[in-house]
>>> print(open('work-v1.cif').read())   # mmCIF, C-alpha atoms
data_coords
#
loop_
_atom_site.label_atom_id
_atom_site.label_comp_id
_atom_site.auth_asym_id
_atom_site.auth_seq_id
_atom_site.Cartn_x
_atom_site.Cartn_y
_atom_site.Cartn_z
CA MET Y 1 19.20 -19.40 0.78
CA LYS Y 2 16.43 -19.35 -1.83
CA ILE Y 3 13.06 -17.88 -0.88
CA LEU Y 4 9.81 -17.63 -2.85
CA ILE Y 5 7.02 -15.21 -1.95
CA VAL Y 6 3.56 -16.00 -3.30
CA LYS Y 7 1.47 -12.83 -3.21
CA THR Y 8 -0.33 -12.33 -6.48
CA SER Y 9 -2.53 -9.23 -6.04
CA SER Y 10 -3.67 -6.50 -5.67
CA LEU Y 11 -1.33 -3.49 -5.89
CA GLY Y 12 -2.05 -2.15 -2.41
CA ASP Y 13 -1.77 -5.62 -0.90
CA LEU Y 14 1.57 -6.16 -2.63
CA ILE Y 15 2.92 -2.98 -1.07
CA HIS Y 16 1.77 -4.20 2.35
CA VAL Y 17 4.21 -7.10 1.94
CA PHE Y 18 7.23 -4.87 1.25
CA PRO Y 19 8.26 -4.91 4.96
CA VAL Y 20 8.61 -8.69 4.60
CA LEU Y 21 11.13 -8.14 1.81
CA SER Y 22 13.11 -5.72 3.97
CA TYR Y 23 13.04 -8.13 6.88
CA LEU Y 24 14.16 -11.13 4.82
CA ARG Y 25 16.94 -9.13 3.18
CA GLN Y 26 18.05 -7.96 6.62
CA ARG Y 27 18.07 -11.52 7.96
CA PHE Y 28 19.57 -13.13 4.86
CA PRO Y 29 21.62 -10.51 2.95
CA GLU Y 30 22.75 -12.97 0.27
CA ALA Y 31 19.41 -14.71 -0.23
CA GLN Y 32 17.75 -15.12 -3.61
CA ILE Y 33 14.21 -13.78 -3.19
CA ASP Y 34 11.72 -14.53 -5.96
CA TRP Y 35 8.07 -13.45 -6.15
CA VAL Y 36 4.98 -14.84 -7.93
CA VAL Y 37 2.55 -12.09 -8.96
CA GLU Y 38 -0.26 -11.46 -11.44
CA ARG Y 39 1.11 -10.11 -14.73
CA PRO Y 40 -0.69 -6.70 -14.60
CA PHE Y 41 1.13 -5.95 -11.33
CA ALA Y 42 4.52 -7.44 -12.19
CA SER Y 43 6.19 -4.13 -13.06
CA LEU Y 44 5.82 -2.92 -9.47
CA ILE Y 45 7.59 -5.98 -8.08
CA GLU Y 46 10.24 -5.85 -10.80
CA ALA Y 47 11.10 -2.33 -9.62
CA HIS Y 48 11.86 -3.50 -6.09
CA PRO Y 49 15.63 -3.80 -5.56
CA TYR Y 50 15.28 -6.73 -3.13
CA VAL Y 51 13.52 -9.04 -5.61
CA ASN Y 52 15.79 -11.20 -7.74
CA ARG Y 53 13.24 -12.80 -10.04
CA VAL Y 54 9.57 -12.14 -10.80
CA ILE Y 55 7.38 -15.02 -11.98
CA SER Y 56 4.19 -13.67 -13.53
CA ILE Y 57 0.88 -15.46 -13.94
CA ASP Y 58 -2.23 -14.16 -15.69
CA THR Y 59 -5.15 -16.04 -14.19
CA ARG Y 60 -7.81 -13.51 -15.19
CA VAL Y 61 -6.93 -13.86 -18.86
CA TRP Y 62 -6.53 -17.60 -18.51
CA LYS Y 63 -10.02 -17.95 -17.04
CA ARG Y 64 -11.58 -16.03 -19.92
CA ALA Y 65 -9.88 -18.22 -22.53
CA LEU Y 66 -9.47 -21.47 -20.68
CA PHE Y 67 -9.58 -23.69 -23.76
CA SER Y 68 -7.24 -21.71 -26.01
CA ARG Y 69 -3.83 -23.05 -26.95
CA ARG Y 70 -2.20 -19.80 -25.90
CA THR Y 71 -3.62 -20.10 -22.39
CA TRP Y 72 -2.30 -23.60 -21.86
CA ARG Y 73 1.06 -22.67 -23.37
CA GLU Y 74 1.35 -19.76 -20.90
CA ILE Y 75 0.30 -21.99 -18.00
CA ARG Y 76 2.89 -24.57 -19.02
CA ASP Y 77 5.60 -21.90 -19.30
CA ALA Y 78 4.71 -20.41 -15.89
CA ARG Y 79 4.80 -23.87 -14.31
CA ARG Y 80 8.19 -24.58 -15.87
CA GLU Y 81 9.60 -21.26 -14.68
CA LEU Y 82 8.20 -21.82 -11.19
CA ARG Y 83 9.88 -25.20 -10.94
CA THR Y 84 13.32 -24.20 -12.22
CA GLU Y 85 14.43 -23.55 -8.64
CA GLU Y 86 14.15 -25.61 -5.49
CA TYR Y 87 13.44 -23.19 -2.65
CA ASP Y 88 14.51 -23.40 0.95
CA CYS Y 89 11.19 -21.81 1.88
CA VAL Y 90 7.97 -20.71 0.16
CA TYR Y 91 5.83 -18.08 1.90
CA ASP Y 92 2.20 -18.07 0.75
CA LEU Y 93 1.03 -14.64 1.93
CA GLN Y 94 -2.17 -14.64 -0.15
CA GLY Y 95 -3.96 -17.49 1.57
CA ASN Y 96 -6.51 -18.36 -1.11
CA VAL Y 97 -7.04 -21.31 -3.44
CA LYS Y 98 -5.15 -19.71 -6.34
CA SER Y 99 -2.04 -19.02 -4.27
CA GLY Y 100 -2.34 -22.48 -2.76
CA LEU Y 101 -2.10 -24.06 -6.21
CA VAL Y 102 0.98 -21.95 -6.98
CA THR Y 103 2.51 -22.99 -3.66
CA PHE Y 104 1.71 -26.63 -4.43
CA LEU Y 105 3.57 -26.42 -7.75
CA ALA Y 106 6.65 -24.76 -6.24
CA ARG Y 107 9.52 -27.07 -5.37
CA SER Y 108 10.19 -26.84 -1.64
CA ALA Y 109 9.98 -29.01 1.45
CA CYS Y 110 9.02 -25.94 3.52
CA LYS Y 111 5.77 -24.18 2.63
CA VAL Y 112 4.61 -21.52 5.07
CA GLY Y 113 1.19 -19.92 5.30
CA PHE Y 114 -1.73 -18.81 7.44
CA GLY Y 115 -3.23 -20.93 10.18
CA PRO Y 116 -6.82 -22.20 9.79
CA ALA Y 117 -8.35 -19.38 11.85
CA SER Y 118 -6.59 -16.69 9.78
CA LEU Y 119 -7.06 -18.04 6.26
CA PRO Y 120 -9.01 -16.00 3.71
CA GLU Y 121 -10.00 -19.27 1.97
CA TRP Y 122 -9.89 -22.50 3.99
CA PRO Y 123 -8.76 -24.93 1.22
CA ASN Y 124 -5.41 -23.14 1.22
CA ARG Y 125 -4.50 -25.05 4.38
CA PHE Y 126 -3.92 -28.21 2.33
CA PHE Y 127 -1.05 -26.59 0.40
CA THR Y 128 1.19 -25.48 3.30
CA ASN Y 129 2.96 -27.52 5.97
CA HIS Y 130 3.90 -24.72 8.40
CA GLN Y 131 0.92 -22.62 9.47
CA TYR Y 132 0.73 -19.63 11.81
CA GLU Y 133 -2.14 -17.55 13.13
CA ILE Y 134 -2.10 -13.76 13.09
CA SER Y 135 -3.07 -11.73 16.15
CA LEU Y 136 -6.13 -9.51 16.19
CA GLY Y 137 -5.61 -5.77 16.27
CA GLN Y 138 -2.39 -5.64 14.26
CA ASN Y 139 -1.69 -3.44 11.28
CA ILE Y 140 -2.01 -5.32 7.97
CA ARG Y 141 1.74 -5.00 7.39
CA GLU Y 142 2.39 -6.61 10.77
CA ASP Y 143 0.07 -9.48 9.84
CA TYR Y 144 2.25 -10.55 6.92
CA LEU Y 145 5.45 -9.91 8.82
CA SER Y 146 4.27 -11.97 11.78
CA ILE Y 147 3.86 -15.09 9.62
CA VAL Y 148 7.49 -14.89 8.54
CA LYS Y 149 8.79 -13.95 11.98
CA GLN Y 150 6.93 -16.77 13.68
CA HIS Y 151 8.35 -19.26 11.23
CA LEU Y 152 11.88 -17.98 11.83
CA SER Y 153 11.31 -17.94 15.62
CA ASP Y 154 12.44 -14.33 15.72
CA LYS Y 155 12.02 -13.21 19.31
CA GLY Y 156 14.72 -11.37 21.20
CA GLU Y 157 14.95 -9.82 24.64
CA GLY Y 158 12.93 -6.82 23.58
CA GLY Y 159 10.31 -8.76 21.67
CA GLU Y 160 10.20 -9.37 17.96
CA LYS Y 161 13.09 -7.99 15.96
CA ASP Y 162 12.35 -4.71 14.22
CA VAL Y 163 12.70 -4.22 10.49
CA ASP Y 164 15.38 -1.81 9.33
CA GLU Y 165 13.43 1.33 8.42
CA ALA Y 166 15.92 2.88 6.03
CA VAL Y 167 14.27 4.41 2.97
CA LEU Y 168 14.22 2.03 0.04
CA LEU Y 169 13.28 3.61 -3.27
CA LEU Y 170 12.05 1.61 -6.21
CA ARG Y 171 14.12 1.43 -9.38
CA LEU Y 172 13.51 4.08 -12.03
CA SER Y 173 14.20 4.01 -15.74
CA ASP Y 174 15.86 7.04 -17.33
CA ASP Y 175 12.50 8.13 -18.76
CA GLU Y 176 10.84 7.86 -15.36
CA ARG Y 177 13.63 9.86 -13.77
CA ARG Y 178 13.15 12.63 -16.32
CA SER Y 179 9.36 12.57 -15.87
CA ILE Y 180 9.51 13.53 -12.19
CA GLN Y 181 11.93 16.47 -12.44
CA PRO Y 182 9.19 19.17 -12.64
CA TYR Y 183 7.64 17.87 -9.42
CA LEU Y 184 10.70 17.79 -7.14
CA LEU Y 185 9.79 21.04 -5.41
CA ASP Y 186 11.15 22.51 -2.18
CA LYS Y 187 7.85 22.90 -0.33
CA ALA Y 188 5.00 20.82 -1.65
CA ILE Y 189 1.98 18.86 -0.50
CA LEU Y 190 1.09 15.93 -2.73
CA VAL Y 191 -2.69 15.48 -2.87
CA CYS Y 192 -4.05 12.06 -3.86
CA PRO Y 193 -7.86 12.29 -3.62
CA GLY Y 194 -8.70 9.07 -5.43
CA SER Y 195 -9.59 5.57 -4.32
CA ALA Y 196 -10.91 2.53 -6.14
CA TRP Y 197 -14.20 2.76 -4.22
CA ARG Y 198 -16.49 5.80 -4.19
CA ASN Y 199 -17.27 5.25 -0.51
CA LYS Y 200 -13.59 5.70 0.37
CA ARG Y 201 -13.44 9.20 -1.15
CA MET Y 202 -14.20 12.54 0.45
CA THR Y 203 -16.50 14.93 -1.37
CA GLU Y 204 -14.66 17.58 -3.36
CA GLU Y 205 -16.22 20.31 -1.20
CA ALA Y 206 -14.92 18.71 2.00
CA LEU Y 207 -11.51 18.09 0.47
CA ILE Y 208 -11.22 21.74 -0.58
CA ALA Y 209 -12.13 22.87 2.93
CA LEU Y 210 -9.63 20.41 4.43
CA LEU Y 211 -6.84 21.63 2.15
CA ARG Y 212 -7.56 25.25 3.01
CA GLY Y 213 -7.42 24.37 6.70
CA ILE Y 214 -4.13 22.54 6.25
CA LEU Y 215 -2.62 25.47 4.37
CA LYS Y 216 -3.84 27.95 6.98
CA ASN Y 217 -2.53 25.94 9.92
CA ALA Y 218 0.80 25.48 8.17
CA GLY Y 219 1.31 29.24 8.14
CA GLY Y 220 -0.46 30.26 4.98
CA SER Y 221 -0.34 29.18 1.36
CA GLY Y 222 2.27 31.62 0.06
CA GLU Y 223 5.19 29.21 -0.19
CA THR Y 224 3.30 25.93 -0.43
CA HIS Y 225 2.87 24.19 -3.77
CA LEU Y 226 -0.03 21.75 -4.19
CA LEU Y 227 0.71 18.78 -6.44
CA PHE Y 228 -2.32 16.78 -7.57
CA ALA Y 229 -1.88 13.11 -8.51
CA TRP Y 230 -4.37 10.93 -10.35
CA GLY Y 231 -4.68 7.41 -11.72
CA SER Y 232 -7.89 7.31 -13.79
CA ASP Y 233 -9.89 9.57 -16.08
CA GLU Y 234 -12.40 10.20 -13.29
CA GLU Y 235 -9.61 11.20 -10.90
CA ARG Y 236 -8.04 13.38 -13.61
CA ALA Y 237 -11.27 15.36 -13.89
CA CYS Y 238 -11.48 15.66 -10.10
CA VAL Y 239 -7.95 17.01 -9.64
CA GLY Y 240 -8.52 19.41 -12.52
CA ARG Y 241 -11.41 20.97 -10.60
CA LEU Y 242 -9.37 21.06 -7.39
CA HIS Y 243 -6.50 22.73 -9.22
CA GLU Y 244 -8.79 25.45 -10.57
CA GLU Y 245 -10.19 26.04 -7.08
CA PHE Y 246 -6.75 26.94 -5.73
CA LEU Y 247 -5.57 29.12 -8.61
CA GLY Y 248 -4.71 32.50 -7.14
CA GLU Y 249 -4.44 31.11 -3.60
CA CYS Y 250 -1.23 29.12 -3.96
CA GLU Y 251 0.97 27.43 -6.52
CA SER Y 252 -0.83 24.39 -7.90
CA THR Y 253 0.04 21.72 -10.46
CA VAL Y 254 -1.81 18.75 -11.92
CA MET Y 255 0.91 16.18 -12.50
CA GLU Y 256 1.11 13.90 -15.49
CA ARG Y 257 0.13 10.33 -14.77
CA LEU Y 258 3.22 8.66 -13.31
CA SER Y 259 4.28 5.07 -12.86
CA LEU Y 260 4.19 3.84 -9.27
CA PRO Y 261 8.00 3.89 -8.89
CA ALA Y 262 8.07 7.47 -10.21
CA LEU Y 263 5.23 8.50 -7.91
CA GLN Y 264 7.08 6.99 -4.95
CA HIS Y 265 10.14 9.12 -5.72
CA VAL Y 266 7.99 12.27 -5.81
CA MET Y 267 6.43 11.24 -2.50
CA ALA Y 268 9.88 10.83 -0.99
CA HIS Y 269 10.70 14.43 -1.94
CA VAL Y 270 7.56 16.35 -0.87
CA GLU Y 271 6.82 17.52 2.67
CA THR Y 272 3.45 15.80 3.13
CA VAL Y 273 1.09 13.45 1.31
CA LEU Y 274 -2.67 13.82 1.72
CA ALA Y 275 -4.61 10.71 0.69
CA MET Y 276 -7.59 8.49 1.32
CA ASP Y 277 -7.32 4.76 2.10
CA SER Y 278 -5.81 4.00 -1.27
CA LEU Y 279 -2.85 2.68 -3.20
CA ALA Y 280 -1.25 6.13 -2.99
CA LEU Y 281 -1.36 6.10 0.81
CA HIS Y 282 0.19 2.65 0.99
CA LEU Y 283 2.93 3.74 -1.41
CA CYS Y 284 3.66 6.77 0.78
CA GLY Y 285 4.21 4.34 3.65
CA THR Y 286 7.30 3.04 1.86
CA THR Y 287 8.96 6.46 2.24
CA GLN Y 288 9.79 8.63 5.26
CA THR Y 289 7.41 11.37 4.16
CA PRO Y 290 4.58 12.12 6.64
CA SER Y 291 1.03 11.48 5.52
CA LEU Y 292 -2.41 12.79 6.39
CA SER Y 293 -5.25 10.41 5.57
CA VAL Y 294 -8.99 10.14 6.00
CA PHE Y 295 -10.69 6.78 6.49
CA GLY Y 296 -14.36 5.87 6.32
CA PRO Y 297 -15.49 2.28 5.67
CA SER Y 298 -12.07 0.80 6.42
CA ALA Y 299 -10.17 0.75 9.71
CA MET Y 300 -7.33 3.25 9.92
CA ASN Y 301 -5.48 1.23 12.56
CA LYS Y 302 -5.48 -1.72 10.20
CA TYR Y 303 -4.45 0.01 6.99
CA LYS Y 304 -2.71 3.33 7.59
CA PRO Y 305 1.09 3.30 7.27
CA LEU Y 306 3.03 2.48 10.41
CA GLY Y 307 4.72 5.28 12.33
CA SER Y 308 3.72 8.41 14.24
CA GLU Y 309 4.49 10.56 11.20
CA HIS Y 310 1.40 9.05 9.55
CA ARG Y 311 -1.72 10.73 10.91
CA ALA Y 312 -5.24 9.60 10.14
CA TYR Y 313 -8.85 10.42 10.91
CA GLN Y 314 -11.51 7.72 11.23
CA GLY Y 315 -14.97 8.71 10.03
CA LYS Y 316 -17.96 7.64 12.10
CA CYS Y 317 -20.64 5.30 10.80
CA PRO Y 318 -24.15 6.69 11.47
CA TYR Y 319 -25.60 3.20 11.10
CA GLY Y 320 -23.60 1.57 13.89
CA GLN Y 321 -21.54 -0.78 11.72
CA GLN Y 322 -18.56 -2.33 13.54
CA PHE Y 323 -15.60 -3.87 11.73
CA GLU Y 324 -11.95 -4.79 12.23
CA LYS Y 325 -10.89 -4.36 8.59
CA ARG Y 326 -13.60 -3.12 6.22
CA CYS Y 327 -17.24 -2.22 6.61
CA PRO Y 328 -19.47 -5.08 5.43
CA ILE Y 329 -21.54 -2.62 3.38
CA LEU Y 330 -18.58 -0.72 1.87
CA ARG Y 331 -19.65 -1.56 -1.69
CA THR Y 332 -23.40 -1.22 -1.19
CA CYS Y 333 -23.87 1.69 1.22
CA GLN Y 334 -25.95 4.31 -0.58
CA THR Y 335 -24.69 7.31 1.40
CA GLY Y 336 -21.05 6.62 2.33
CA ALA Y 337 -21.81 9.02 5.18
CA CYS Y 338 -18.79 7.95 7.24
CA ILE Y 339 -16.50 9.77 4.79
CA ARG Y 340 -18.85 11.85 2.64
CA ASP Y 341 -20.55 13.68 5.52
CA LEU Y 342 -17.54 14.86 7.51
CA ASP Y 343 -17.07 17.72 9.95
CA VAL Y 344 -13.90 19.16 8.43
CA GLY Y 345 -13.15 21.14 11.59
CA GLU Y 346 -13.16 17.91 13.57
CA VAL Y 347 -10.86 16.27 11.02
CA LEU Y 348 -8.39 19.15 11.25
CA GLU Y 349 -8.48 19.14 15.04
CA CYS Y 350 -7.88 15.38 15.17
CA LEU Y 351 -4.99 15.45 12.69
CA GLY Y 352 -3.45 18.43 14.45
CA ARG Y 353 -3.69 16.74 17.84
CA GLU Y 354 -1.98 13.62 16.49
CA GLY Y 355 0.74 15.82 15.02
CA ARG Y 356 1.42 17.53 18.34
CA GLU Y 357 1.54 14.22 20.18
CA GLY Y 358 3.90 12.63 17.66
CA SER Y 359 6.09 15.60 16.76
CA GLU Y 360 9.01 14.45 18.89
CA LYS Y 361 8.95 11.03 17.23
CA CYS Y 362 9.20 12.22 13.64
CA PRO Y 363 11.39 15.33 13.40
CA LYS Y 364 12.51 14.62 9.81
CA LYS Y 365 10.00 16.82 8.02
CA ASP Y 366 7.72 19.66 9.00
CA SER Y 367 4.20 18.37 8.43
CA SER Y 368 2.36 20.69 10.80
CA ILE Y 369 -1.20 21.57 9.90
#
>>> encode(input="work-v1.cif", output="C-alpha cells")
Amino acid sequence: MKILIVKTSSLGDLIHVFPVLSYLRQRFPEAQIDWVVERPFASLIEAHPYVNRVISIDTRVWKRALFSRRTWREIRDARRELRTEEYDCVYDLQGNVKSGLVTFLARSACKVGFGPASLPEWPNRFFTNHQYEISLGQNIREDYLSIVKQHLSDKGEGGEKDVDEAVLLLRLSDDERRSIQPYLLDKAILVCPGSAWRNKRMTEEALIALLRGILKNAGGSGETHLLFAWGSDEERACVGRLHEEFLGECESTVMERLSLPALQHVMAHVETVLAMDSLALHLCGTTQTPSLSVFGPSAMNKYKPLGSEHRAYQGKCPYGQQFEKRCPILRTCQTGACIRDLDVGEVLECLGREGREGSEKCPKKDSSI
C-alpha cells in the first residue's frame, strides 16, 4: 500500500492532520506514507516517524521568481519526485487550487478530497474523483480524519473506529536531545503566551493574574517551576517580562528557542501547558500532557486539542459576532475585547470546573488549578 498526503501548510494545520497519520498507520502497518508540504515546514513532517518520504515544494519563492531558471528547475525536480511513485491513494487534505494541482500531478487512480460543500476553494473539485463532505460541529482534527474514514468505509458496531491514542514523539537529533535537558523538570508548567495574531493573545496583565491564580489553586508556587517558551523576538521580550514578574514567587526559566520536535518532548514531560489558540497548543495535543487554553476570535470546540484533559475558556464577543471557526473580523478588530478584556476570575472558575468534571477521565497527570 502506497499513500500520499497532500497538505502543504501551515504548521498548525499540518499538526491537525497527525491523527490521520496515526489512523493510516494503524490500518495499514506496512504502508508507505509520503507527504507533500511547503519547504519551510518540511522539517516538522520529516521528524514524524510515520512518514516515509517528504516531497517539498516552495510555491511562495516560485511565485516571486516565476521566470527564473532556478524556479523552473525546482518545479521540474519536484514534479519528477512526485511522479516517481504510483500511489494506491492520494488524500488532498488542503482543498485549494495549489493542492489540487499537486494532486493532479500525482500518479494515482484514486484521488480523495473534500466534497463541494466543504471545499475551501471550489476549483479543487476538478482534481479529485472521490469526494466527501465534513459534518458541522466537529473538531478540526475530526474533519480531516472523517475524509479518510469515509473513504475507507470505516464504521463498526460502536461507530467510527477510534485512533490509537498512544503517545508518539517526533524524532530528535542528538543536538536537540541535549538542548532540552535543562527543561525536563519534575514539576513544571510550560507557558506559551504567543500567537501569530495579536487578537489571539491575552494581555500580559491578565496572563500574570491567570498564572498567579493557577499557582494558588494548585497549592502554592513553592514547588512549581514556570517554563516560558517563545518563537519570535516579540514573544521573547514578552516572556522576559513575565519571567521577571515571577522572580521571588517561584522558580522561573525563559527557555532557549527550541525546534518543534524538541518543544514537543518538553511538553510531554511537564505537568501542564498553558497556551492561546496557537501552534504551541496544537503541538501539545500530540502528547498526553493536559493543557489550559484561552480562546477569543476562534472557536475552542473547533480548535482545542481533543480529550477531557484539555481545558479551554471561550472569550465573549461584545459585538455579537457569531462564527463556527474564526471571527470574520479577527484580523481587523481594533479592540480584540473577546480575549484582551477578560474577567480572570471567570476564566479560572471555568477552567477549574472543567477540570473537576473531567478529572476521572484523565488521571495521568495532576493538572488541578
>>> residues_near_point(input="work-v1.cif", point="(5.1, -23.6, -19.2)", cutoff="12 Å", atoms="all atoms listed in the file", output="PyMOL selection string")
chain Y and resi 55-57+69-84+105
>>> residues_around(input="work-v1.cif", residues="Ser291 in chain Y", least_positions_apart="4", cutoff="9 Å", atoms="only C-alpha atoms", output="PyMOL selection string")
chain Y and resi 271-275+281+284-285+305+309-312+367
>>> residues_around(input="work-v1.cif", residues="Ser259 in chain Y", least_positions_apart="4", cutoff="12 Å", atoms="all atoms listed in the file", output="number ranges by chain")
Y: 41, 43-44, 47, 170-173, 175-177, 179-180, 229-231, 255, 263-266, 280, 283
>>> write_last_selection(input="work-v1.cif", atoms="C-alpha atoms", output="tab-separated table (two decimals), in the coordinates of the input")
chain	number	residue	atom	x	y	z
Y	41	PHE	CA	1.13	-5.95	-11.33
Y	43	SER	CA	6.19	-4.13	-13.06
Y	44	LEU	CA	5.82	-2.92	-9.47
Y	47	ALA	CA	11.10	-2.33	-9.62
Y	170	LEU	CA	12.05	1.61	-6.21
Y	171	ARG	CA	14.12	1.43	-9.38
Y	172	LEU	CA	13.51	4.08	-12.03
Y	173	SER	CA	14.20	4.01	-15.74
Y	175	ASP	CA	12.50	8.13	-18.76
Y	176	GLU	CA	10.84	7.86	-15.36
Y	177	ARG	CA	13.63	9.86	-13.77
Y	179	SER	CA	9.36	12.57	-15.87
Y	180	ILE	CA	9.51	13.53	-12.19
Y	229	ALA	CA	-1.88	13.11	-8.51
Y	230	TRP	CA	-4.37	10.93	-10.35
Y	231	GLY	CA	-4.68	7.41	-11.72
Y	255	MET	CA	0.91	16.18	-12.50
Y	263	LEU	CA	5.23	8.50	-7.91
Y	264	GLN	CA	7.08	6.99	-4.95
Y	265	HIS	CA	10.14	9.12	-5.72
Y	266	VAL	CA	7.99	12.27	-5.81
Y	280	ALA	CA	-1.25	6.13	-2.99
Y	283	LEU	CA	2.93	3.74	-1.41
>>> closest_residue(input="work-v1.cif", among="Y:Val51, Y:Leu93, Y:Ala262, Y:Val191", to="Met276 in chain Y", atoms="all atoms listed in the file")
Y:Val191
>>> residues_around(input="work-v1.cif", residues="Gln94 in chain Y", least_positions_apart="6", cutoff="10 Å", atoms="all atoms listed in the file", output="list in words")
Ile5, Val6, Lys7, Thr8, Ser9, Ser10, Asp13, Leu14, Gly100, Gly113, Phe114, Leu119, Pro120, Glu121, Asn124 and Tyr144 of chain Y
>>> atom_distance(input="work-v1.cif", atom1="CA of Gly315 in chain Y", atom2="CA of Leu342 in chain Y")
7.1 Å
>>> build_atoms(input="work-v1.cif", residues="range 31-52 of chain Y", atoms="N, CA and C atoms", output="short mmCIF file (atom, residue, chain, number, x, y, z; two decimals), in the frame of the given file")
data_model
loop_
_atom_site.label_atom_id
_atom_site.label_comp_id
_atom_site.auth_asym_id
_atom_site.auth_seq_id
_atom_site.Cartn_x
_atom_site.Cartn_y
_atom_site.Cartn_z
N ALA Y 31 20.48 -13.82 0.23
CA ALA Y 31 19.41 -14.71 -0.23
C ALA Y 31 18.93 -14.34 -1.63
N GLN Y 32 18.49 -15.34 -2.36
CA GLN Y 32 17.75 -15.12 -3.61
C GLN Y 32 16.27 -15.07 -3.23
N ILE Y 33 15.63 -13.94 -3.51
CA ILE Y 33 14.21 -13.78 -3.19
C ILE Y 33 13.43 -13.61 -4.49
N ASP Y 34 12.57 -14.58 -4.78
CA ASP Y 34 11.72 -14.53 -5.96
C ASP Y 34 10.28 -14.27 -5.54
N TRP Y 35 9.45 -13.85 -6.48
CA TRP Y 35 8.07 -13.45 -6.15
C TRP Y 35 7.15 -13.87 -7.29
N VAL Y 36 6.02 -14.51 -6.95
CA VAL Y 36 4.98 -14.84 -7.93
C VAL Y 36 3.87 -13.80 -7.82
N VAL Y 37 3.51 -13.19 -8.97
CA VAL Y 37 2.55 -12.09 -8.96
C VAL Y 37 1.74 -12.13 -10.26
N GLU Y 38 0.54 -11.59 -10.22
CA GLU Y 38 -0.26 -11.46 -11.44
C GLU Y 38 0.44 -10.52 -12.42
N ARG Y 39 0.37 -10.84 -13.70
CA ARG Y 39 1.11 -10.11 -14.73
C ARG Y 39 0.82 -8.60 -14.74
N PRO Y 40 -0.45 -8.16 -14.56
CA PRO Y 40 -0.69 -6.70 -14.60
C PRO Y 40 0.05 -5.93 -13.51
N PHE Y 41 0.48 -6.62 -12.44
CA PHE Y 41 1.13 -5.95 -11.33
C PHE Y 41 2.63 -6.23 -11.27
N ALA Y 42 3.13 -6.98 -12.25
CA ALA Y 42 4.52 -7.44 -12.19
C ALA Y 42 5.53 -6.30 -12.22
N SER Y 43 5.22 -5.22 -12.93
CA SER Y 43 6.19 -4.13 -13.06
C SER Y 43 6.52 -3.50 -11.71
N LEU Y 44 5.55 -3.46 -10.81
CA LEU Y 44 5.82 -2.92 -9.47
C LEU Y 44 6.84 -3.77 -8.74
N ILE Y 45 6.67 -5.08 -8.78
CA ILE Y 45 7.59 -5.98 -8.08
C ILE Y 45 8.95 -6.00 -8.76
N GLU Y 46 8.97 -5.90 -10.08
CA GLU Y 46 10.24 -5.85 -10.80
C GLU Y 46 11.06 -4.62 -10.44
N ALA Y 47 10.39 -3.56 -9.99
CA ALA Y 47 11.10 -2.33 -9.62
C ALA Y 47 11.69 -2.39 -8.22
N HIS Y 48 11.35 -3.42 -7.46
CA HIS Y 48 11.86 -3.50 -6.09
C HIS Y 48 13.28 -4.07 -6.08
N PRO Y 49 14.22 -3.37 -5.50
CA PRO Y 49 15.63 -3.80 -5.56
C PRO Y 49 15.93 -5.07 -4.78
N TYR Y 50 15.02 -5.52 -3.91
CA TYR Y 50 15.28 -6.73 -3.13
C TYR Y 50 14.76 -8.00 -3.79
N VAL Y 51 14.07 -7.87 -4.92
CA VAL Y 51 13.52 -9.04 -5.61
C VAL Y 51 14.46 -9.44 -6.73
N ASN Y 52 14.87 -10.71 -6.72
CA ASN Y 52 15.79 -11.20 -7.74
C ASN Y 52 15.09 -11.63 -9.02
#
